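As structure tokens, the structure follows; a few thoughts come after it.
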Amino acid sequence: MRLDYNKSIQKINENNNKITALIQQRQDIWVSDVVFTWRWWLGLAFTIIPWILWCIFRKKESTDRLLYVAFLVIIISVVLDVFGDQYGIWHYRYNVVPILPTYFPWDFTLMPISIIFLLQFKPNWSPWIKAFIFALGSSYIGEPIFHWIGVYQTIHWRFTYSVPIQFCIYLLMHYIYQKNFHFQK
């Protein structure tokens with residue numbers, strides 16, 4: 001039994017060493033070929049500018065709830081992107097941050113900001129219609145644009161597969177946004 005454990009540890013260590021070497025190679029490529037390119041600057045702008053716009057145009061009395069929703073969208077987006085990247089379903093090039101296997105502007109800004117702006121815009125509209133608009137917009141406009149400029153590469157994925165996922169994410173966030181959470185101090 002001890003022998004199997006030691007072999008397992010050795011395999012895990014070898015695998016981790018390979019992963020570490022590949023991450024270092026990815027960082028070297030990022031430094032030499034990605035940082036300060038026009039795609040990198042575009043990603044940086046997509047990371048910062050939407051948050052500035054949101055700070056200016058947000059519904060001030062709902063800031064806490066909107067940020068809570070944005071944080072949950074970020075978590076969901078990152079988890080799904082890491083899953084897709086690690087299983088070779090898609091991958092990103094020209095990352096703003098070299099060590100993350102996700103596209104930082106999409107997960108940390110564009111997804112959450114799009115959703116929280118939609119939550120504020122026409123609050124009496126049906127959430128189903130808004131979810132449909134969000135799902136179609138992100139799947140058939142956002143993803144293809146990033147694919148076209150060479151940032152997002154699909155491998156075993158079609159844009160259509162994103163529609164039900166984006167639809168569900170929006171509906172879940174709408175539900176959470178509408179809830180009245182009362183936290184005790």
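Identifiers for the structure tokens are assigned positionally: chains receive A, B, ... in sequence, residues are indexed from 1 per chain, and ligands are indexed from 1 in the order shown.
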
Counting only C-alpha atoms, which residues of stretch 98-173 of chain A sit at most 12 Å from some atom of stretch 27-46 of chain A, and what is each one's closest atom pair with its distance in Å to one decimal, listed by chain and rising residue number, as a Markdown table?
| residue | atom | partner | partner_atom | distance |
| --- | --- | --- | --- | --- |
| A:Pro98 | CA | A:Gln27 | CA | 5.8 |
| A:Ile99 | CA | A:Gln27 | CA | 7.0 |
| A:Leu100 | CA | A:Gln27 | CA | 10.2 |
| A:Pro101 | CA | A:Gln27 | CA | 11.4 |
| A:Tyr103 | CA | A:Gly43 | CA | 8.5 |
| A:Phe104 | CA | A:Gly43 | CA | 7.9 |
| A:Pro105 | CA | A:Phe46 | CA | 5.5 |
| A:Trp106 | CA | A:Phe46 | CA | 7.9 |
| A:Asp107 | CA | A:Phe46 | CA | 10.6 |
| A:Phe108 | CA | A:Phe46 | CA | 9.7 |
| A:Thr109 | CA | A:Phe46 | CA | 7.1 |
| A:Leu110 | CA | A:Phe46 | CA | 7.1 |
| A:Met111 | CA | A:Phe46 | CA | 10.8 |
| A:Ile113 | CA | A:Phe46 | CA | 10.6 |
| A:Ser114 | CA | A:Phe46 | CA | 11.8 |
| A:Gly142 | CA | A:Phe46 | CA | 12.0 |
| A:Phe146 | CA | A:Arg39 | CA | 9.9 |
| A:His147 | CA | A:Arg39 | CA | 11.9 |
| A:Trp148 | CA | A:Arg39 | CA | 11.6 |
| A:Ile149 | CA | A:Arg39 | CA | 7.9 |
| A:Gly150 | CA | A:Arg39 | CA | 8.4 |
| A:Val151 | CA | A:Arg39 | CA | 7.5 |
| A:Tyr152 | CA | A:Arg39 | CA | 11.2 |

Selection from above, C-alpha atoms, as a PDB file, in the first residue's frame, can you write it?
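Printed below is selection27.pdb as written:
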ATOM      1  CA  PRO A  98      -0.842  36.317 -17.625  1.00  0.00           C
ATOM      2  CA  ILE A  99      -1.422  33.806 -14.832  1.00  0.00           C
ATOM      3  CA  LEU A 100      -5.205  33.543 -15.173  1.00  0.00           C
ATOM      4  CA  PRO A 101      -6.545  31.020 -17.693  1.00  0.00           C
ATOM      5  CA  TYR A 103     -10.110  36.434 -20.075  1.00  0.00           C
ATOM      6  CA  PHE A 104     -10.093  38.984 -17.265  1.00  0.00           C
ATOM      7  CA  PRO A 105     -12.083  41.712 -19.104  1.00  0.00           C
ATOM      8  CA  TRP A 106     -14.908  39.294 -19.937  1.00  0.00           C
ATOM      9  CA  ASP A 107     -15.213  37.646 -16.528  1.00  0.00           C
ATOM     10  CA  PHE A 108     -14.433  40.560 -14.228  1.00  0.00           C
ATOM     11  CA  THR A 109     -16.001  43.416 -16.168  1.00  0.00           C
ATOM     12  CA  LEU A 110     -18.039  42.820 -19.307  1.00  0.00           C
ATOM     13  CA  MET A 111     -20.254  40.020 -17.971  1.00  0.00           C
ATOM     14  CA  ILE A 113     -21.386  45.139 -15.887  1.00  0.00           C
ATOM     15  CA  SER A 114     -23.703  44.029 -18.715  1.00  0.00           C
ATOM     16  CA  GLY A 142     -19.705  39.508 -27.713  1.00  0.00           C
ATOM     17  CA  PHE A 146     -13.598  38.446 -29.362  1.00  0.00           C
ATOM     18  CA  HIS A 147     -13.161  35.452 -31.672  1.00  0.00           C
ATOM     19  CA  TRP A 148     -12.797  37.750 -34.697  1.00  0.00           C
ATOM     20  CA  ILE A 149     -10.091  39.899 -33.069  1.00  0.00           C
ATOM     21  CA  GLY A 150      -8.193  36.762 -32.072  1.00  0.00           C
ATOM     22  CA  VAL A 151      -8.630  36.889 -28.305  1.00  0.00           C
ATOM     23  CA  TYR A 152     -11.048  33.968 -27.926  1.00  0.00           C
TER      24      TYR A 152
END

- [ ] Tell me, as a PyMOL selection string, which residues lie within 8 Å of A:Ala131, counting only C-alpha atoms; anything in the same chain fewer than 2 positions away does not count.
- [x] chain A and resi 127-129+133-135+166-168+170-171

Please save C-alpha atoms of the selected residues as a tab-separated table (two decimals), in the first residue's frame.
chain	number	residue	atom	x	y	z
A	127	PRO	CA	-36.68	39.33	-16.83
A	128	TRP	CA	-37.22	36.60	-19.43
A	129	ILE	CA	-36.95	39.15	-22.26
A	133	ILE	CA	-31.43	39.82	-24.94
A	134	PHE	CA	-28.40	39.26	-22.73
A	135	ALA	CA	-27.92	35.66	-23.85
A	166	GLN	CA	-26.03	33.10	-20.35
A	167	PHE	CA	-29.82	33.02	-20.16
A	168	CYS	CA	-29.72	31.12	-16.85
A	170	TYR	CA	-29.05	36.44	-16.08
A	171	LEU	CA	-32.26	34.94	-14.63

Taking only stretch 22-179 of chain A into account, list the residues labelled alpha helix (DSSP H) by DSSP (computed from the backbone), as a compact mmCIF listing (two decimals) with N, CA and C atoms, in the first residue's frame.
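Written out: out11.txt:
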# COMPACT_ATOMS: atom_id res chain seq x y z
N LEU A 22 5.08 24.93 -17.77
CA LEU A 22 4.20 25.48 -18.80
C LEU A 22 3.69 26.87 -18.43
N ILE A 23 3.39 27.07 -17.14
CA ILE A 23 2.95 28.39 -16.69
C ILE A 23 4.08 29.40 -16.87
N GLN A 24 5.31 29.00 -16.57
CA GLN A 24 6.45 29.90 -16.77
C GLN A 24 6.61 30.22 -18.26
N GLN A 25 6.43 29.21 -19.11
CA GLN A 25 6.50 29.43 -20.56
C GLN A 25 5.41 30.38 -21.01
N ARG A 26 4.20 30.22 -20.47
CA ARG A 26 3.09 31.12 -20.80
C ARG A 26 3.41 32.55 -20.39
N GLN A 27 4.00 32.73 -19.22
CA GLN A 27 4.37 34.07 -18.76
C GLN A 27 5.45 34.68 -19.64
N ASP A 28 6.42 33.87 -20.06
CA ASP A 28 7.48 34.36 -20.95
C ASP A 28 6.89 34.83 -22.29
N ILE A 29 5.96 34.05 -22.83
CA ILE A 29 5.28 34.42 -24.08
C ILE A 29 4.49 35.71 -23.87
N TRP A 38 -1.87 45.92 -29.14
CA TRP A 38 -3.17 46.61 -29.21
C TRP A 38 -4.26 45.76 -28.58
N ARG A 39 -4.18 44.43 -28.68
CA ARG A 39 -5.20 43.56 -28.07
C ARG A 39 -5.11 43.61 -26.54
N TRP A 40 -3.90 43.72 -26.03
CA TRP A 40 -3.72 43.83 -24.59
C TRP A 40 -4.30 45.16 -24.10
N TRP A 41 -4.00 46.27 -24.82
CA TRP A 41 -4.54 47.58 -24.44
C TRP A 41 -6.06 47.58 -24.52
N LEU A 42 -6.60 46.94 -25.55
CA LEU A 42 -8.06 46.84 -25.67
C LEU A 42 -8.64 46.09 -24.47
N GLY A 43 -8.00 44.99 -24.10
CA GLY A 43 -8.45 44.24 -22.92
C GLY A 43 -8.38 45.06 -21.65
N LEU A 44 -7.31 45.84 -21.51
CA LEU A 44 -7.19 46.71 -20.33
C LEU A 44 -8.31 47.75 -20.32
N ALA A 45 -8.59 48.32 -21.48
CA ALA A 45 -9.69 49.30 -21.57
C ALA A 45 -11.03 48.64 -21.23
N PHE A 46 -11.26 47.42 -21.75
CA PHE A 46 -12.49 46.69 -21.45
C PHE A 46 -12.58 46.31 -19.97
N THR A 47 -11.46 46.27 -19.30
CA THR A 47 -11.45 45.95 -17.87
C THR A 47 -11.80 47.17 -17.02
N ILE A 48 -11.35 48.34 -17.43
CA ILE A 48 -11.47 49.53 -16.58
C ILE A 48 -12.65 50.43 -16.96
N ILE A 49 -12.80 50.74 -18.23
CA ILE A 49 -13.79 51.75 -18.66
C ILE A 49 -15.23 51.38 -18.28
N PRO A 50 -15.68 50.14 -18.47
CA PRO A 50 -17.07 49.84 -18.08
C PRO A 50 -17.35 50.07 -16.59
N TRP A 51 -16.37 49.81 -15.72
CA TRP A 51 -16.57 50.06 -14.30
C TRP A 51 -16.68 51.56 -14.02
N ILE A 52 -15.90 52.35 -14.73
CA ILE A 52 -16.00 53.81 -14.57
C ILE A 52 -17.38 54.29 -15.00
N LEU A 53 -17.84 53.80 -16.15
CA LEU A 53 -19.17 54.16 -16.64
C LEU A 53 -20.25 53.73 -15.65
N TRP A 54 -20.10 52.53 -15.09
CA TRP A 54 -21.08 52.06 -14.12
C TRP A 54 -21.09 52.96 -12.89
N CYS A 55 -19.92 53.37 -12.42
CA CYS A 55 -19.86 54.26 -11.24
C CYS A 55 -20.59 55.57 -11.51
N ILE A 56 -20.52 56.04 -12.73
CA ILE A 56 -21.18 57.30 -13.09
C ILE A 56 -22.69 57.12 -13.23
N PHE A 57 -23.12 56.05 -13.90
CA PHE A 57 -24.52 55.89 -14.27
C PHE A 57 -25.30 54.90 -13.41
N THR A 63 -26.56 50.30 -5.06
CA THR A 63 -25.15 49.96 -5.25
C THR A 63 -24.77 48.65 -4.57
N ASP A 64 -25.17 48.46 -3.33
CA ASP A 64 -24.80 47.24 -2.60
C ASP A 64 -25.32 45.99 -3.30
N ARG A 65 -26.59 46.00 -3.65
CA ARG A 65 -27.18 44.83 -4.31
C ARG A 65 -26.55 44.57 -5.67
N LEU A 66 -26.28 45.66 -6.40
CA LEU A 66 -25.67 45.51 -7.72
C LEU A 66 -24.26 44.95 -7.62
N LEU A 67 -23.49 45.41 -6.66
CA LEU A 67 -22.14 44.88 -6.48
C LEU A 67 -22.16 43.42 -6.03
N TYR A 68 -23.13 43.07 -5.22
CA TYR A 68 -23.29 41.67 -4.80
C TYR A 68 -23.56 40.79 -6.02
N VAL A 69 -24.46 41.23 -6.87
CA VAL A 69 -24.76 40.50 -8.10
C VAL A 69 -23.51 40.43 -8.98
N ALA A 70 -22.80 41.54 -9.14
CA ALA A 70 -21.60 41.56 -9.97
C ALA A 70 -20.57 40.56 -9.45
N PHE A 71 -20.41 40.52 -8.14
CA PHE A 71 -19.45 39.58 -7.55
C PHE A 71 -19.85 38.13 -7.85
N LEU A 72 -21.13 37.82 -7.75
CA LEU A 72 -21.58 36.46 -8.06
C LEU A 72 -21.38 36.13 -9.55
N VAL A 73 -21.62 37.09 -10.42
CA VAL A 73 -21.39 36.87 -11.86
C VAL A 73 -19.91 36.60 -12.10
N ILE A 74 -19.05 37.34 -11.44
CA ILE A 74 -17.60 37.14 -11.59
C ILE A 74 -17.23 35.71 -11.18
N ILE A 75 -17.73 35.26 -10.05
CA ILE A 75 -17.42 33.91 -9.58
C ILE A 75 -17.89 32.87 -10.60
N ILE A 76 -19.12 32.98 -11.04
CA ILE A 76 -19.67 32.02 -12.00
C ILE A 76 -18.88 32.06 -13.31
N SER A 77 -18.59 33.25 -13.81
CA SER A 77 -17.86 33.39 -15.07
C SER A 77 -16.46 32.79 -14.98
N VAL A 78 -15.76 33.08 -13.89
CA VAL A 78 -14.40 32.55 -13.74
C VAL A 78 -14.43 31.03 -13.66
N VAL A 79 -15.33 30.48 -12.87
CA VAL A 79 -15.41 29.02 -12.74
C VAL A 79 -15.68 28.37 -14.09
N LEU A 80 -16.65 28.90 -14.83
CA LEU A 80 -16.97 28.32 -16.13
C LEU A 80 -15.82 28.50 -17.12
N ASP A 81 -15.16 29.65 -17.10
CA ASP A 81 -14.04 29.87 -18.00
C ASP A 81 -12.85 28.97 -17.67
N VAL A 82 -12.54 28.81 -16.41
CA VAL A 82 -11.45 27.91 -16.02
C VAL A 82 -11.78 26.49 -16.47
N PHE A 83 -13.00 26.08 -16.25
CA PHE A 83 -13.44 24.75 -16.68
C PHE A 83 -13.26 24.59 -18.19
N GLY A 84 -13.76 25.54 -18.97
CA GLY A 84 -13.66 25.47 -20.42
C GLY A 84 -12.23 25.48 -20.92
N ASP A 85 -11.40 26.30 -20.30
CA ASP A 85 -9.99 26.39 -20.69
C ASP A 85 -9.23 25.12 -20.32
N GLN A 86 -9.42 24.65 -19.09
CA GLN A 86 -8.66 23.50 -18.62
C GLN A 86 -9.04 22.20 -19.33
N PHE A 104 -9.76 38.08 -18.36
CA PHE A 104 -10.09 38.98 -17.26
C PHE A 104 -11.16 40.01 -17.63
N PRO A 105 -11.05 40.70 -18.78
CA PRO A 105 -12.08 41.71 -19.10
C PRO A 105 -13.48 41.12 -19.22
N MET A 111 -19.09 40.81 -18.41
CA MET A 111 -20.25 40.02 -17.97
C MET A 111 -20.99 40.70 -16.81
N PRO A 112 -20.30 40.99 -15.71
CA PRO A 112 -21.04 41.59 -14.58
C PRO A 112 -21.62 42.96 -14.89
N ILE A 113 -20.88 43.80 -15.59
CA ILE A 113 -21.39 45.14 -15.89
C ILE A 113 -22.60 45.06 -16.81
N SER A 114 -22.55 44.18 -17.82
CA SER A 114 -23.70 44.03 -18.72
C SER A 114 -24.94 43.63 -17.93
N ILE A 115 -24.77 42.69 -17.03
CA ILE A 115 -25.92 42.21 -16.25
C ILE A 115 -26.44 43.29 -15.31
N ILE A 116 -25.56 43.97 -14.60
CA ILE A 116 -26.08 44.96 -13.64
C ILE A 116 -26.64 46.18 -14.34
N PHE A 117 -26.14 46.53 -15.52
CA PHE A 117 -26.78 47.60 -16.29
C PHE A 117 -28.17 47.16 -16.75
N LEU A 118 -28.28 45.92 -17.22
CA LEU A 118 -29.60 45.42 -17.64
C LEU A 118 -30.58 45.37 -16.48
N LEU A 119 -30.09 45.03 -15.30
CA LEU A 119 -30.97 44.99 -14.12
C LEU A 119 -31.53 46.37 -13.82
N GLN A 120 -30.74 47.41 -14.05
CA GLN A 120 -31.19 48.78 -13.78
C GLN A 120 -32.05 49.35 -14.89
N PRO A 127 -38.04 39.85 -16.94
CA PRO A 127 -36.68 39.33 -16.83
C PRO A 127 -36.38 38.27 -17.90
N TRP A 128 -37.40 37.62 -18.39
CA TRP A 128 -37.22 36.60 -19.43
C TRP A 128 -36.76 37.27 -20.73
N ILE A 129 -37.35 38.41 -21.05
CA ILE A 129 -36.95 39.15 -22.26
C ILE A 129 -35.52 39.67 -22.09
N LYS A 130 -35.22 40.22 -20.92
CA LYS A 130 -33.88 40.73 -20.69
C LYS A 130 -32.84 39.61 -20.70
N ALA A 131 -33.20 38.46 -20.14
CA ALA A 131 -32.29 37.31 -20.16
C ALA A 131 -32.04 36.87 -21.60
N PHE A 132 -33.09 36.88 -22.40
CA PHE A 132 -32.97 36.50 -23.81
C PHE A 132 -32.08 37.49 -24.55
N ILE A 133 -32.27 38.78 -24.32
CA ILE A 133 -31.43 39.82 -24.94
C ILE A 133 -29.97 39.65 -24.52
N PHE A 134 -29.77 39.44 -23.23
CA PHE A 134 -28.40 39.26 -22.73
C PHE A 134 -27.76 38.02 -23.33
N ALA A 135 -28.47 36.91 -23.34
CA ALA A 135 -27.92 35.66 -23.85
C ALA A 135 -27.57 35.77 -25.33
N LEU A 136 -28.47 36.34 -26.11
CA LEU A 136 -28.20 36.48 -27.54
C LEU A 136 -27.07 37.48 -27.80
N GLY A 137 -27.09 38.59 -27.06
CA GLY A 137 -26.04 39.60 -27.24
C GLY A 137 -24.66 39.09 -26.88
N GLU A 143 -19.09 37.19 -27.97
CA GLU A 143 -18.16 36.09 -28.24
C GLU A 143 -17.61 36.13 -29.67
N PRO A 144 -18.45 36.34 -30.69
CA PRO A 144 -17.89 36.41 -32.05
C PRO A 144 -16.91 37.58 -32.25
N ILE A 145 -17.16 38.71 -31.60
CA ILE A 145 -16.22 39.83 -31.73
C ILE A 145 -14.87 39.45 -31.15
N PHE A 146 -14.87 38.85 -29.97
CA PHE A 146 -13.60 38.45 -29.36
C PHE A 146 -12.92 37.34 -30.17
N HIS A 147 -13.72 36.49 -30.79
CA HIS A 147 -13.16 35.45 -31.67
C HIS A 147 -12.55 36.12 -32.91
N TRP A 148 -13.25 37.07 -33.49
CA TRP A 148 -12.80 37.75 -34.70
C TRP A 148 -11.48 38.51 -34.49
N PHE A 159 -20.88 29.08 -30.40
CA PHE A 159 -21.48 30.22 -29.71
C PHE A 159 -22.88 29.89 -29.21
N THR A 160 -23.59 29.07 -29.96
CA THR A 160 -24.96 28.69 -29.59
C THR A 160 -25.01 27.99 -28.24
N TYR A 161 -23.95 27.25 -27.90
CA TYR A 161 -23.93 26.55 -26.61
C TYR A 161 -23.98 27.53 -25.44
N SER A 162 -23.52 28.75 -25.66
CA SER A 162 -23.49 29.75 -24.58
C SER A 162 -24.86 30.33 -24.28
N VAL A 163 -25.78 30.28 -25.24
CA VAL A 163 -27.08 30.94 -25.06
C VAL A 163 -27.81 30.47 -23.81
N PRO A 164 -28.05 29.17 -23.61
CA PRO A 164 -28.79 28.77 -22.40
C PRO A 164 -28.03 29.08 -21.11
N ILE A 165 -26.71 29.02 -21.17
CA ILE A 165 -25.91 29.31 -19.97
C ILE A 165 -26.06 30.79 -19.61
N GLN A 166 -25.90 31.66 -20.60
CA GLN A 166 -26.03 33.10 -20.35
C GLN A 166 -27.45 33.45 -19.91
N PHE A 167 -28.41 32.81 -20.51
CA PHE A 167 -29.82 33.02 -20.16
C PHE A 167 -30.04 32.69 -18.68
N CYS A 168 -29.55 31.54 -18.25
CA CYS A 168 -29.72 31.12 -16.85
C CYS A 168 -28.95 32.01 -15.89
N ILE A 169 -27.76 32.43 -16.27
CA ILE A 169 -26.99 33.33 -15.41
C ILE A 169 -27.77 34.62 -15.18
N TYR A 170 -28.30 35.19 -16.25
CA TYR A 170 -29.05 36.44 -16.08
C TYR A 170 -30.28 36.24 -15.19
N LEU A 171 -31.05 35.17 -15.44
CA LEU A 171 -32.26 34.94 -14.63
C LEU A 171 -31.91 34.73 -13.16
N LEU A 172 -30.84 34.00 -12.89
CA LEU A 172 -30.41 33.79 -11.51
C LEU A 172 -30.04 35.12 -10.86
N MET A 173 -29.31 35.95 -11.58
CA MET A 173 -28.90 37.25 -11.03
C MET A 173 -30.10 38.18 -10.83
N HIS A 174 -31.06 38.10 -11.73
CA HIS A 174 -32.29 38.89 -11.56
C HIS A 174 -33.00 38.46 -10.27
N TYR A 175 -33.10 37.17 -10.08
CA TYR A 175 -33.76 36.65 -8.87
C TYR A 175 -33.02 37.12 -7.61
N ILE A 176 -31.72 37.01 -7.61
CA ILE A 176 -30.93 37.43 -6.45
C ILE A 176 -31.05 38.93 -6.23
N TYR A 177 -31.03 39.70 -7.30
CA TYR A 177 -31.15 41.15 -7.19
C TYR A 177 -32.50 41.55 -6.59
N GLN A 178 -33.55 40.83 -6.93
CA GLN A 178 -34.89 41.16 -6.45
C GLN A 178 -35.11 40.75 -4.99

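Separating atom CA of A:Arg58 from atom CA of A:Tyr140 is a distance of 25.9 Å.
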
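Interatomic distance, atom CA of A:Arg93 to atom CA of A:Lys11: 29.4 Å.
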
Open item on the list: Taking only stretch 5-170 of chain A into account, list the residues labelled strand (DSSP E or B) by DSSP (computed from the backbone), as a PyMOL selection string.
Closed with: chain A and resi 90-92+152-154

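Note that the spacing between atom CA of A:Thr154 and atom CA of A:His91 amounts to 6.6 Å.
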